[in-house]
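Next comes structure.cif, a file with mmCIF, C-alpha atoms.
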data_entry
#
loop_
_atom_site.group_PDB
_atom_site.id
_atom_site.type_symbol
_atom_site.label_atom_id
_atom_site.label_comp_id
_atom_site.auth_asym_id
_atom_site.auth_seq_id
_atom_site.Cartn_x
_atom_site.Cartn_y
_atom_site.Cartn_z
ATOM 1 C CA MET R 1492 123.443 125.679 125.645
ATOM 2 C CA ARG R 1493 122.410 123.449 128.554
ATOM 3 C CA ARG R 1494 119.346 125.612 129.235
ATOM 4 C CA LEU R 1495 117.869 124.240 126.005
ATOM 5 C CA ARG R 1496 118.508 120.638 127.079
ATOM 6 C CA ARG R 1497 116.281 120.638 130.146
ATOM 7 C CA PRO R 1498 113.335 118.190 130.181
ATOM 8 C CA GLY R 1499 110.397 119.572 128.249
ATOM 9 C CA ILE R 1500 112.432 122.291 126.571
ATOM 10 C CA ARG R 1501 114.661 119.692 124.898
ATOM 11 C CA GLU R 1502 111.661 118.259 123.017
ATOM 12 C CA MET R 1503 110.356 121.712 122.092
ATOM 13 C CA VAL R 1504 113.561 122.679 120.292
ATOM 14 C CA ALA R 1505 114.206 119.311 118.607
ATOM 15 C CA GLU R 1506 115.096 119.918 114.953
ATOM 16 C CA THR R 1507 114.251 116.456 113.600
ATOM 17 C CA ARG R 1508 111.124 114.453 114.351
ATOM 18 C CA ILE R 1509 110.339 110.922 113.221
ATOM 19 C CA SER R 1510 106.745 110.075 112.424
ATOM 20 C CA VAL R 1511 105.236 106.701 111.705
ATOM 21 C CA ARG R 1512 104.062 108.304 108.463
ATOM 22 C CA ASP R 1513 107.707 108.478 107.350
ATOM 23 C CA LEU R 1514 108.099 104.702 107.428
ATOM 24 C CA ILE R 1515 107.656 101.896 104.904
ATOM 25 C CA MET R 1516 107.503 98.278 106.092
ATOM 26 C CA PRO R 1517 109.177 95.569 103.966
ATOM 27 C CA VAL R 1518 107.161 92.353 103.630
ATOM 28 C CA PHE R 1519 108.492 89.051 102.270
ATOM 29 C CA VAL R 1520 105.908 86.795 100.629
ATOM 30 C CA ASP R 1521 106.806 83.148 100.068
ATOM 31 C CA GLU R 1522 104.663 81.236 97.578
ATOM 32 C CA ARG R 1523 105.759 77.850 98.961
ATOM 33 C CA ILE R 1524 104.564 78.133 102.558
ATOM 34 C CA ASP R 1525 101.147 78.003 104.207
ATOM 35 C CA GLN R 1526 101.873 80.040 107.332
ATOM 36 C CA PRO R 1527 104.455 82.622 108.445
ATOM 37 C CA VAL R 1528 108.027 81.387 108.902
ATOM 38 C CA PRO R 1529 110.684 83.199 110.992
ATOM 39 C CA ILE R 1530 113.787 84.551 109.259
ATOM 40 C CA SER R 1531 116.653 83.268 111.381
ATOM 41 C CA SER R 1532 119.147 86.009 110.503
ATOM 42 C CA MET R 1533 116.607 88.797 111.095
ATOM 43 C CA PRO R 1534 115.110 88.324 114.578
ATOM 44 C CA GLY R 1535 111.462 89.327 114.728
ATOM 45 C CA GLN R 1536 110.963 89.234 110.954
ATOM 46 C CA MET R 1537 108.862 86.665 109.099
ATOM 47 C CA ARG R 1538 108.212 85.389 105.641
ATOM 48 C CA GLN R 1539 104.490 85.657 105.038
ATOM 49 C CA SER R 1540 102.451 83.176 103.045
ATOM 50 C CA LEU R 1541 99.859 84.171 100.472
ATOM 51 C CA ASN R 1542 97.298 83.108 103.067
ATOM 52 C CA SER R 1543 98.711 85.378 105.767
ATOM 53 C CA VAL R 1544 99.903 88.433 103.863
ATOM 54 C CA ALA R 1545 96.570 90.302 103.881
ATOM 55 C CA GLU R 1546 96.237 89.841 107.631
ATOM 56 C CA GLU R 1547 99.799 91.076 108.136
ATOM 57 C CA ALA R 1548 99.045 94.082 105.939
ATOM 58 C CA GLY R 1549 96.015 94.826 108.086
ATOM 59 C CA ARG R 1550 98.175 94.845 111.226
ATOM 60 C CA ILE R 1551 100.618 97.209 109.549
ATOM 61 C CA GLU R 1552 97.801 99.549 108.526
ATOM 62 C CA ASP R 1553 96.315 99.491 112.034
ATOM 63 C CA LEU R 1554 99.663 100.724 113.394
ATOM 64 C CA GLY R 1555 99.417 103.801 111.176
ATOM 65 C CA ILE R 1556 102.203 102.801 108.790
ATOM 66 C CA PRO R 1557 101.209 104.160 105.365
ATOM 67 C CA ALA R 1558 102.985 101.783 102.983
ATOM 68 C CA VAL R 1559 104.571 98.389 102.435
ATOM 69 C CA ILE R 1560 107.209 97.258 99.970
ATOM 70 C CA LEU R 1561 106.824 93.672 98.795
ATOM 71 C CA PHE R 1562 109.486 91.083 97.999
ATOM 72 C CA GLY R 1563 108.488 87.734 96.521
ATOM 73 C CA ILE R 1564 109.883 84.224 96.843
ATOM 74 C CA PRO R 1565 108.423 82.153 93.981
ATOM 75 C CA SER R 1566 107.836 78.422 93.893
ATOM 76 C CA ARG R 1567 110.030 78.055 90.814
ATOM 77 C CA LYS R 1568 112.873 79.947 89.193
ATOM 78 C CA ASP R 1569 114.357 79.986 85.694
ATOM 79 C CA ASP R 1570 117.107 81.723 83.739
ATOM 80 C CA LEU R 1571 114.875 84.620 82.669
ATOM 81 C CA GLY R 1572 113.065 85.176 85.973
ATOM 82 C CA SER R 1573 109.680 84.661 84.339
ATOM 83 C CA GLY R 1574 107.935 84.493 87.716
ATOM 84 C CA ALA R 1575 108.568 88.214 88.109
ATOM 85 C CA TYR R 1576 106.182 89.108 85.270
ATOM 86 C CA ASP R 1577 103.692 86.234 85.624
ATOM 87 C CA HIS R 1578 100.118 87.504 86.028
ATOM 88 C CA ASP R 1579 99.640 84.853 88.711
ATOM 89 C CA GLY R 1580 103.067 85.323 90.273
ATOM 90 C CA VAL R 1581 103.550 85.550 94.011
ATOM 91 C CA ILE R 1582 103.819 89.345 94.120
ATOM 92 C CA GLN R 1583 100.893 89.854 91.779
ATOM 93 C CA LYS R 1584 98.700 87.668 93.988
ATOM 94 C CA ALA R 1585 99.936 89.374 97.132
ATOM 95 C CA VAL R 1586 99.203 92.845 95.774
ATOM 96 C CA ARG R 1587 95.652 91.882 94.870
ATOM 97 C CA ARG R 1588 94.996 90.393 98.314
ATOM 98 C CA ILE R 1589 96.393 93.411 100.147
ATOM 99 C CA LYS R 1590 94.453 95.847 97.991
ATOM 100 C CA GLU R 1591 91.206 93.945 98.580
ATOM 101 C CA SER R 1592 91.432 94.428 102.345
ATOM 102 C CA THR R 1593 93.469 97.577 103.066
ATOM 103 C CA ASP R 1594 94.086 101.126 101.898
ATOM 104 C CA LEU R 1595 97.856 100.813 102.197
ATOM 105 C CA VAL R 1596 100.122 102.242 99.537
ATOM 106 C CA VAL R 1597 101.651 99.140 97.943
ATOM 107 C CA ILE R 1598 105.172 99.375 96.563
ATOM 108 C CA THR R 1599 106.568 96.423 94.626
ATOM 109 C CA ASP R 1600 110.266 95.713 94.445
ATOM 110 C CA LEU R 1601 110.983 95.342 90.745
ATOM 111 C CA CYS R 1602 113.928 93.083 90.067
ATOM 112 C CA LEU R 1603 114.632 89.656 88.605
ATOM 113 C CA CYS R 1604 117.121 88.345 91.179
ATOM 114 C CA GLU R 1605 114.531 86.622 93.384
ATOM 115 C CA TYR R 1606 113.122 84.844 90.319
ATOM 116 C CA THR R 1607 116.239 83.803 88.388
ATOM 117 C CA SER R 1608 117.893 80.438 88.878
ATOM 118 C CA HIS R 1609 121.314 82.134 88.837
ATOM 119 C CA GLY R 1610 120.315 84.864 91.318
ATOM 120 C CA HIS R 1611 121.480 87.836 89.273
ATOM 121 C CA CYS R 1612 119.380 90.897 88.460
ATOM 122 C CA GLY R 1613 119.422 90.478 84.694
ATOM 123 C CA VAL R 1614 119.679 88.132 81.740
ATOM 124 C CA ILE R 1615 123.012 86.287 81.556
ATOM 125 C CA ARG R 1616 125.135 85.253 78.605
ATOM 126 C CA GLY R 1617 127.890 82.940 79.797
ATOM 127 C CA GLN R 1618 128.748 84.642 83.060
ATOM 128 C CA GLU R 1619 127.999 88.189 81.926
ATOM 129 C CA ILE R 1620 124.893 90.090 83.011
ATOM 130 C CA VAL R 1621 123.644 91.740 79.822
ATOM 131 C CA ASN R 1622 121.989 95.087 80.264
ATOM 132 C CA ASP R 1623 119.851 95.792 77.209
ATOM 133 C CA GLU R 1624 118.280 92.340 76.966
ATOM 134 C CA THR R 1625 117.109 92.737 80.556
ATOM 135 C CA LEU R 1626 115.216 96.001 80.027
ATOM 136 C CA PRO R 1627 112.135 94.575 78.235
ATOM 137 C CA LEU R 1628 111.691 92.038 81.039
ATOM 138 C CA LEU R 1629 111.745 94.833 83.614
ATOM 139 C CA GLY R 1630 109.105 96.657 81.587
ATOM 140 C CA ARG R 1631 106.920 93.520 81.486
ATOM 141 C CA THR R 1632 107.329 93.115 85.235
ATOM 142 C CA ALA R 1633 106.299 96.720 85.872
ATOM 143 C CA VAL R 1634 103.156 96.339 83.777
ATOM 144 C CA SER R 1635 102.267 93.059 85.477
ATOM 145 C CA GLN R 1636 102.670 94.609 88.917
ATOM 146 C CA ALA R 1637 100.645 97.665 87.912
ATOM 147 C CA GLU R 1638 97.859 95.453 86.528
ATOM 148 C CA SER R 1639 97.676 93.780 89.929
ATOM 149 C CA GLY R 1640 97.172 97.106 91.683
ATOM 150 C CA ALA R 1641 100.640 98.326 92.704
ATOM 151 C CA ASP R 1642 100.720 102.042 93.420
ATOM 152 C CA ILE R 1643 104.498 102.383 93.074
ATOM 153 C CA VAL R 1644 107.079 100.173 91.381
ATOM 154 C CA ALA R 1645 110.612 100.232 92.765
ATOM 155 C CA PRO R 1646 113.264 99.032 90.299
ATOM 156 C CA SER R 1647 116.296 97.790 92.214
ATOM 157 C CA GLY R 1648 118.394 95.955 89.636
ATOM 158 C CA MET R 1649 120.719 98.851 88.708
ATOM 159 C CA MET R 1650 120.535 98.201 84.969
ATOM 160 C CA ASP R 1651 121.379 101.278 82.899
ATOM 161 C CA HIS R 1652 118.234 102.944 81.470
ATOM 162 C CA MET R 1653 115.909 100.734 83.527
ATOM 163 C CA VAL R 1654 113.793 103.713 84.587
ATOM 164 C CA ARG R 1655 113.239 104.827 80.994
ATOM 165 C CA ALA R 1656 112.235 101.301 79.941
ATOM 166 C CA ILE R 1657 109.833 100.954 82.858
ATOM 167 C CA ARG R 1658 108.281 104.401 82.418
ATOM 168 C CA SER R 1659 107.734 103.744 78.725
ATOM 169 C CA ALA R 1660 106.172 100.336 79.368
ATOM 170 C CA LEU R 1661 103.826 101.705 82.015
ATOM 171 C CA ASP R 1662 102.761 104.664 79.902
ATOM 172 C CA ASP R 1663 102.287 102.580 76.750
ATOM 173 C CA ASN R 1664 99.949 100.260 78.659
ATOM 174 C CA GLY R 1665 97.858 102.990 80.269
ATOM 175 C CA TYR R 1666 99.480 103.026 83.726
ATOM 176 C CA THR R 1667 100.541 106.653 83.652
ATOM 177 C CA ASP R 1668 99.547 107.156 87.307
ATOM 178 C CA VAL R 1669 101.833 104.411 88.646
ATOM 179 C CA ALA R 1670 104.876 106.059 90.201
ATOM 180 C CA ILE R 1671 108.499 104.922 90.077
ATOM 181 C CA LEU R 1672 110.661 104.850 93.209
ATOM 182 C CA SER R 1673 114.090 104.112 91.802
ATOM 183 C CA TYR R 1674 116.873 102.473 93.778
ATOM 184 C CA ALA R 1675 118.997 105.150 92.148
ATOM 185 C CA ALA R 1676 122.095 104.980 94.369
ATOM 186 C CA LYS R 1677 122.362 101.331 95.353
ATOM 187 C CA TYR R 1678 125.770 100.244 96.553
ATOM 188 C CA ALA R 1679 127.418 96.811 96.284
ATOM 189 C CA SER R 1680 127.243 96.357 100.039
ATOM 190 C CA TYR R 1681 128.096 93.618 102.508
ATOM 191 C CA PHE R 1682 125.141 94.836 104.589
ATOM 192 C CA TYR R 1683 122.713 92.873 102.379
ATOM 193 C CA GLY R 1684 123.660 89.465 103.779
ATOM 194 C CA PRO R 1685 120.579 88.670 105.897
ATOM 195 C CA PHE R 1686 118.250 89.818 103.098
ATOM 196 C CA ARG R 1687 119.689 87.175 100.806
ATOM 197 C CA GLU R 1688 118.509 84.519 103.238
ATOM 198 C CA ALA R 1689 115.131 86.216 103.644
ATOM 199 C CA ALA R 1690 114.472 86.526 99.900
ATOM 200 C CA GLU R 1691 116.608 83.593 98.720
ATOM 201 C CA SER R 1692 118.309 85.948 96.276
ATOM 202 C CA GLY R 1693 121.905 84.805 96.571
ATOM 203 C CA PHE R 1694 123.836 84.480 93.325
ATOM 204 C CA ALA R 1695 125.222 81.285 91.815
ATOM 205 C CA PHE R 1696 128.461 82.849 90.563
ATOM 206 C CA GLY R 1697 130.443 86.055 90.837
ATOM 207 C CA ASP R 1698 128.984 89.077 92.578
ATOM 208 C CA ARG R 1699 126.968 92.197 91.740
ATOM 209 C CA ARG R 1700 129.768 94.711 91.520
ATOM 210 C CA SER R 1701 129.432 95.025 87.745
ATOM 211 C CA TYR R 1702 126.063 96.733 88.195
ATOM 212 C CA GLN R 1703 125.847 97.978 91.779
ATOM 213 C CA MET R 1704 127.843 101.002 92.897
ATOM 214 C CA ASP R 1705 131.353 101.067 94.359
ATOM 215 C CA PRO R 1706 131.190 102.118 98.053
ATOM 216 C CA ALA R 1707 134.212 104.329 97.416
ATOM 217 C CA ASN R 1708 132.275 106.631 95.080
ATOM 218 C CA ALA R 1709 130.113 109.609 96.015
ATOM 219 C CA ASN R 1710 129.972 111.801 92.911
ATOM 220 C CA GLU R 1711 128.928 108.771 90.876
ATOM 221 C CA ALA R 1712 125.796 108.557 93.014
ATOM 222 C CA LEU R 1713 124.763 112.028 91.892
ATOM 223 C CA TRP R 1714 125.256 110.986 88.278
ATOM 224 C CA GLU R 1715 123.137 107.855 88.809
ATOM 225 C CA VAL R 1716 120.355 109.832 90.479
ATOM 226 C CA GLN R 1717 120.349 112.523 87.801
ATOM 227 C CA LEU R 1718 120.032 109.945 85.020
ATOM 228 C CA ASP R 1719 117.099 108.250 86.760
ATOM 229 C CA ILE R 1720 115.310 111.567 87.289
ATOM 230 C CA GLU R 1721 115.809 112.472 83.625
ATOM 231 C CA GLU R 1722 114.380 109.073 82.630
ATOM 232 C CA GLY R 1723 111.203 109.564 84.672
ATOM 233 C CA ALA R 1724 111.771 108.554 88.307
ATOM 234 C CA ASP R 1725 109.244 110.187 90.626
ATOM 235 C CA MET R 1726 111.223 109.344 93.784
ATOM 236 C CA VAL R 1727 114.789 108.235 94.357
ATOM 237 C CA MET R 1728 116.458 106.037 96.963
ATOM 238 C CA VAL R 1729 119.821 105.622 98.652
ATOM 239 C CA LYS R 1730 120.655 102.093 99.827
ATOM 240 C CA PRO R 1731 121.997 101.196 102.384
ATOM 241 C CA ALA R 1732 121.189 104.053 104.755
ATOM 242 C CA LEU R 1733 123.541 104.384 107.736
ATOM 243 C CA PRO R 1734 126.885 103.824 105.938
ATOM 244 C CA TYR R 1735 125.782 106.302 103.235
ATOM 245 C CA LEU R 1736 124.273 109.226 105.154
ATOM 246 C CA ASP R 1737 126.673 111.554 103.339
ATOM 247 C CA ILE R 1738 125.271 110.351 100.007
ATOM 248 C CA LEU R 1739 121.723 110.809 101.259
ATOM 249 C CA ARG R 1740 122.483 114.408 102.241
ATOM 250 C CA MET R 1741 124.151 115.114 98.878
ATOM 251 C CA VAL R 1742 121.230 113.666 96.908
ATOM 252 C CA LYS R 1743 118.590 115.589 98.858
ATOM 253 C CA GLU R 1744 120.428 118.889 98.684
ATOM 254 C CA ARG R 1745 121.240 118.581 94.987
ATOM 255 C CA PHE R 1746 117.909 117.394 93.586
ATOM 256 C CA ARG R 1747 115.222 118.298 96.181
ATOM 257 C CA MET R 1748 113.309 115.224 95.040
ATOM 258 C CA PRO R 1749 111.220 112.959 97.286
ATOM 259 C CA THR R 1750 114.030 110.821 98.673
ATOM 260 C CA ALA R 1751 113.933 107.444 100.382
ATOM 261 C CA ALA R 1752 116.594 105.593 102.329
ATOM 262 C CA TYR R 1753 116.613 101.853 102.967
ATOM 263 C CA GLN R 1754 117.802 100.768 106.418
ATOM 264 C CA VAL R 1755 118.835 97.359 105.145
ATOM 265 C CA SER R 1756 118.877 93.918 106.696
ATOM 266 C CA GLY R 1757 122.481 94.039 107.879
ATOM 267 C CA GLU R 1758 121.883 97.308 109.709
ATOM 268 C CA TYR R 1759 118.825 95.839 111.398
ATOM 269 C CA SER R 1760 120.417 92.496 112.267
ATOM 270 C CA MET R 1761 123.534 94.049 113.797
ATOM 271 C CA ILE R 1762 121.432 96.183 116.106
ATOM 272 C CA MET R 1763 119.193 93.259 117.017
ATOM 273 C CA ALA R 1764 122.152 90.948 117.721
ATOM 274 C CA ALA R 1765 123.829 93.506 119.993
ATOM 275 C CA ALA R 1766 120.549 94.269 121.770
ATOM 276 C CA GLU R 1767 119.872 90.576 122.403
ATOM 277 C CA ARG R 1768 123.249 90.393 124.168
ATOM 278 C CA ASN R 1769 122.464 93.545 126.203
ATOM 279 C CA TRP R 1770 125.452 95.291 124.651
ATOM 280 C CA ILE R 1771 123.241 98.223 123.597
ATOM 281 C CA ASP R 1772 119.786 99.606 124.306
ATOM 282 C CA GLY R 1773 117.902 98.248 121.285
ATOM 283 C CA ASP R 1774 114.992 100.687 121.385
ATOM 284 C CA GLY R 1775 117.307 103.629 121.925
ATOM 285 C CA VAL R 1776 119.554 102.676 119.030
ATOM 286 C CA MET R 1777 116.530 102.070 116.801
ATOM 287 C CA LEU R 1778 115.243 105.569 117.497
ATOM 288 C CA GLU R 1779 118.678 107.157 117.150
ATOM 289 C CA THR R 1780 119.403 105.516 113.808
ATOM 290 C CA LEU R 1781 116.003 106.380 112.344
ATOM 291 C CA THR R 1782 116.451 109.967 113.526
ATOM 292 C CA SER R 1783 119.877 110.181 111.908
ATOM 293 C CA ILE R 1784 118.488 108.921 108.585
ATOM 294 C CA LYS R 1785 115.681 111.464 108.718
ATOM 295 C CA ARG R 1786 118.107 114.234 109.723
ATOM 296 C CA ALA R 1787 120.351 113.437 106.760
ATOM 297 C CA GLY R 1788 117.486 114.121 104.346
ATOM 298 C CA ALA R 1789 115.215 111.088 103.969
ATOM 299 C CA ASP R 1790 111.540 111.825 103.374
ATOM 300 C CA MET R 1791 110.748 108.099 103.548
ATOM 301 C CA ILE R 1792 112.571 105.335 105.396
ATOM 302 C CA ILE R 1793 112.216 101.691 104.446
ATOM 303 C CA THR R 1794 112.952 99.884 107.682
ATOM 304 C CA TYR R 1795 112.329 96.540 109.358
ATOM 305 C CA TYR R 1796 111.740 98.596 112.497
ATOM 306 C CA ALA R 1797 108.554 100.204 111.154
ATOM 307 C CA LYS R 1798 106.201 98.057 113.239
ATOM 308 C CA ASP R 1799 108.361 98.263 116.375
ATOM 309 C CA PHE R 1800 108.631 102.030 116.073
ATOM 310 C CA ALA R 1801 104.882 102.387 115.576
ATOM 311 C CA ALA R 1802 104.141 100.204 118.591
ATOM 312 C CA ARG R 1803 106.607 101.944 120.921
ATOM 313 C CA PHE R 1804 106.860 105.565 119.866
ATOM 314 C CA ALA R 1805 103.903 106.548 117.657
#

Could you express the structure from this file as structure tokens?
Amino acid sequence: MRRLRRPGIREMVAETRISVRDLIMPVFVDERIDQPVPISSMPGQMRQSLNSVAEEAGRIEDLGIPAVILFGIPSRKDDLGSGAYDHDGVIQKAVRRIKESTDLVVITDLCLCEYTSHGHCGVIRGQEIVNDETLPLLGRTAVSQAESGADIVAPSGMMDHMVRAIRSALDDNGYTDVAILSYAAKYASYFYGPFREAAESGFAFGDRRSYQMDPANANEALWEVQLDIEEGADMVMVKPALPYLDILRMVKERFRMPTAAYQVSGEYSMIMAAAERNWIDGDGVMLETLTSIKRAGADMIITYYAKDFAARFA
């Protein structure tokens, strides 16, 4: 076996190759700021302003990265998350500015949590997140994002039948070409911590275990994915990535659908923190983790490392 591991030959027989074209760069857009602001829990990552987001998108495109996924921080929040479906909302403005100056594929995260005063992903009654009353608001948000120029909407709220509601709303309003990338298998994970600072999407009470998946369950993920495909999802996602590589493999082998994995904030921040202390080789671990996600079955990887990978390895 060692004959195949010699320099030169090793690369020739490599079974898995990461390309910059596999990667999607997350971008946070904050309506309240005038210039980029560092995210303290995610070294190297920034919140962009509406003034800076087009320039940032241009840098991403110049690196060869094909797509961005946008997360918005609005200037105001309310119980129904109305900023999510406002024609002049932060994401809607950001999409228009990016589309005016780049040819990037623009994916919009479609959820209410960043826009609600309580921080949950749906309408609340008392302290219960109510599913069916949330669905029309997700449909309105999808149409608003599509009107602004989004190529793909990515519902992440884990409401039952959200994909059907969104597909119907898009089709009824003439946006039949807008694709849906569903966060189909999204786990109630502790790895989301830094993101909640970045997007200011922490919750005022309780947690999200009543609508996000139990980390103990694998077969349930296949059920979730199947339902989303039947309801009209064009692509499906597993989130987080590294702790759920087994789920990623199961989903890809079962459904053979275009499949994304999200290397989430906690995965990124742990690697960055260890690298800053010289406990690990940061670039090496970045490459190894991305390779493992690709090897497990991801066609697309949403990762905060997209720009670093493109700069160092593309």

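Remark: residues at most 7 Å from position (117.0, 80.5, 89.7) in file coordinates are Lys1568, Asp1569, Asp1570, Tyr1606, Thr1607, Ser1608, His1609 and Gly1610 of chain R, using all atoms listed in the file.
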
For those residues, write C-alpha atoms to a file as an mmCIF file, keeping the file's coordinate frame.
data_model
loop_
_atom_site.group_PDB
_atom_site.id
_atom_site.type_symbol
_atom_site.label_atom_id
_atom_site.label_comp_id
_atom_site.auth_asym_id
_atom_site.auth_seq_id
_atom_site.Cartn_x
_atom_site.Cartn_y
_atom_site.Cartn_z
ATOM 1 C CA LYS R 1568 112.873 79.947 89.193
ATOM 2 C CA ASP R 1569 114.357 79.986 85.694
ATOM 3 C CA ASP R 1570 117.107 81.723 83.739
ATOM 4 C CA TYR R 1606 113.122 84.844 90.319
ATOM 5 C CA THR R 1607 116.239 83.803 88.388
ATOM 6 C CA SER R 1608 117.893 80.438 88.878
ATOM 7 C CA HIS R 1609 121.314 82.134 88.837
ATOM 8 C CA GLY R 1610 120.315 84.864 91.318
#

Worksheet item: Can you list, as a ChimeraX atom specification, every protein, DNA or RNA residue that comes within 10 Å of Asp1521 in chain R when you count all atoms listed in the file, leaving out same-chain residues fewer than 2 positions away?
Response: /R:1518-1519,1523-1528,1537-1542,1544,1562-1566,1581-1582,1585,1689-1691

Determine, for each residue of range 1503-1599 of chain R having at least one atom at most 10 Å from an atom of range 1682-1686 of chain R, the closest pair of atoms and their separation in Å to one decimal, counting only C-alpha atoms; order by chain and ascending number, as CSV.
residue,atom,partner,partner_atom,distance
R:Phe1519,CA,R:Phe1686,CA,9.8
R:Ile1530,CA,R:Pro1685,CA,8.6
R:Ser1531,CA,R:Pro1685,CA,8.6
R:Ser1532,CA,R:Pro1685,CA,5.5
R:Met1533,CA,R:Pro1685,CA,6.5

Worksheet item: Hey, which of R:Ala1641, R:Ala1801, R:Met1653, R:Ile1589 ends up closest to Cys1602 in chain R? Count all atoms listed in the file.
Response: R:Met1653

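Interatomic distance, CA of Met1777 in chain R to CA of Leu1601 in chain R: 27.5 Å.
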
Item to complete: Decode the PyMOL selection byres ((chain R and resi 1731-1744) around 6) for the given file into explicit residues and return them as a list of chain:residue names.
Response: R:Lys1730, R:Arg1745, R:Phe1746, R:Arg1747, R:Ala1752, R:Tyr1753, R:Gln1754, R:Val1755, R:Ala1787, R:Gly1788

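Checking R:Pro1749, R:Gly1549, R:Gly1572, R:Gly1640 one by one against Val1597 in chain R, counting all atoms listed in the file, you find the shortest gap at R:Gly1640.
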
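In terms of minimum interatomic distance to Glu1522 in chain R, R:Asp1579 ranks closest within R:Ile1762, R:Ala1558, R:Met1728, R:Asp1579, counting all atoms listed in the file.
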
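Atom pair CA of Arg1700 in chain R / CA of Gln1717 in chain R: separated by 20.5 Å.
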
Practice prompt. Rank nothing, just name the residue among R:Gly1775, R:Met1761, R:Arg1687, R:Ala1637 nearest to Gly1665 in chain R, using all atoms listed in the file.
Written response: R:Ala1637

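Of the residues under consideration (R:Thr1593, R:Leu1781, R:Met1649, R:Thr1625), R:Leu1781 shows the shortest atom-to-atom contact distance to Ala1797 in chain R when counting all atoms listed in the file.
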
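Residues lying within 10 Å of Pro1517 in chain R, counting all atoms listed in the file and ignoring same-chain neighbours fewer than 2 positions away, are R:Leu1514, R:Ile1515, R:Phe1519, R:Val1520, R:Gln1536, R:Ala1558, R:Val1559, R:Ile1560, R:Leu1561, R:Phe1562, R:Ile1598, R:Thr1599, R:Asp1600, R:Tyr1753, R:Val1755, R:Ile1793, R:Thr1794, R:Tyr1795, R:Tyr1796, R:Ala1797.
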
Practice prompt. Excluding Asp1513 in chain R and residues on its chain fewer than 2 positions from it, collect all residues at most 9 Å away from it, counting all atoms listed in the file, and give them as an MDAnalysis selection string.
Written response: chainID R and resid 1509:1511 1515 1556:1557 1785 1789:1793

When you look at range 1626-1631 of chain R with a cut-off of 6 Å (counting all atoms listed in the file), what residues show up, excluding the ones that are within fewer than 6 positions of it in the same chain? I need them as a PDB file with C-alpha atoms, keeping the file's coordinate frame.
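The resulting file, out_30.pdb, is shown below:
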ATOM      1  CA  TYR R1576     106.182  89.108  85.270  1.00  0.00           C
ATOM      2  CA  MET R1653     115.909 100.734  83.527  1.00  0.00           C
ATOM      3  CA  ALA R1656     112.235 101.301  79.941  1.00  0.00           C
ATOM      4  CA  ILE R1657     109.833 100.954  82.858  1.00  0.00           C
ATOM      5  CA  ALA R1660     106.172 100.336  79.368  1.00  0.00           C
TER       6      ALA R1660
END
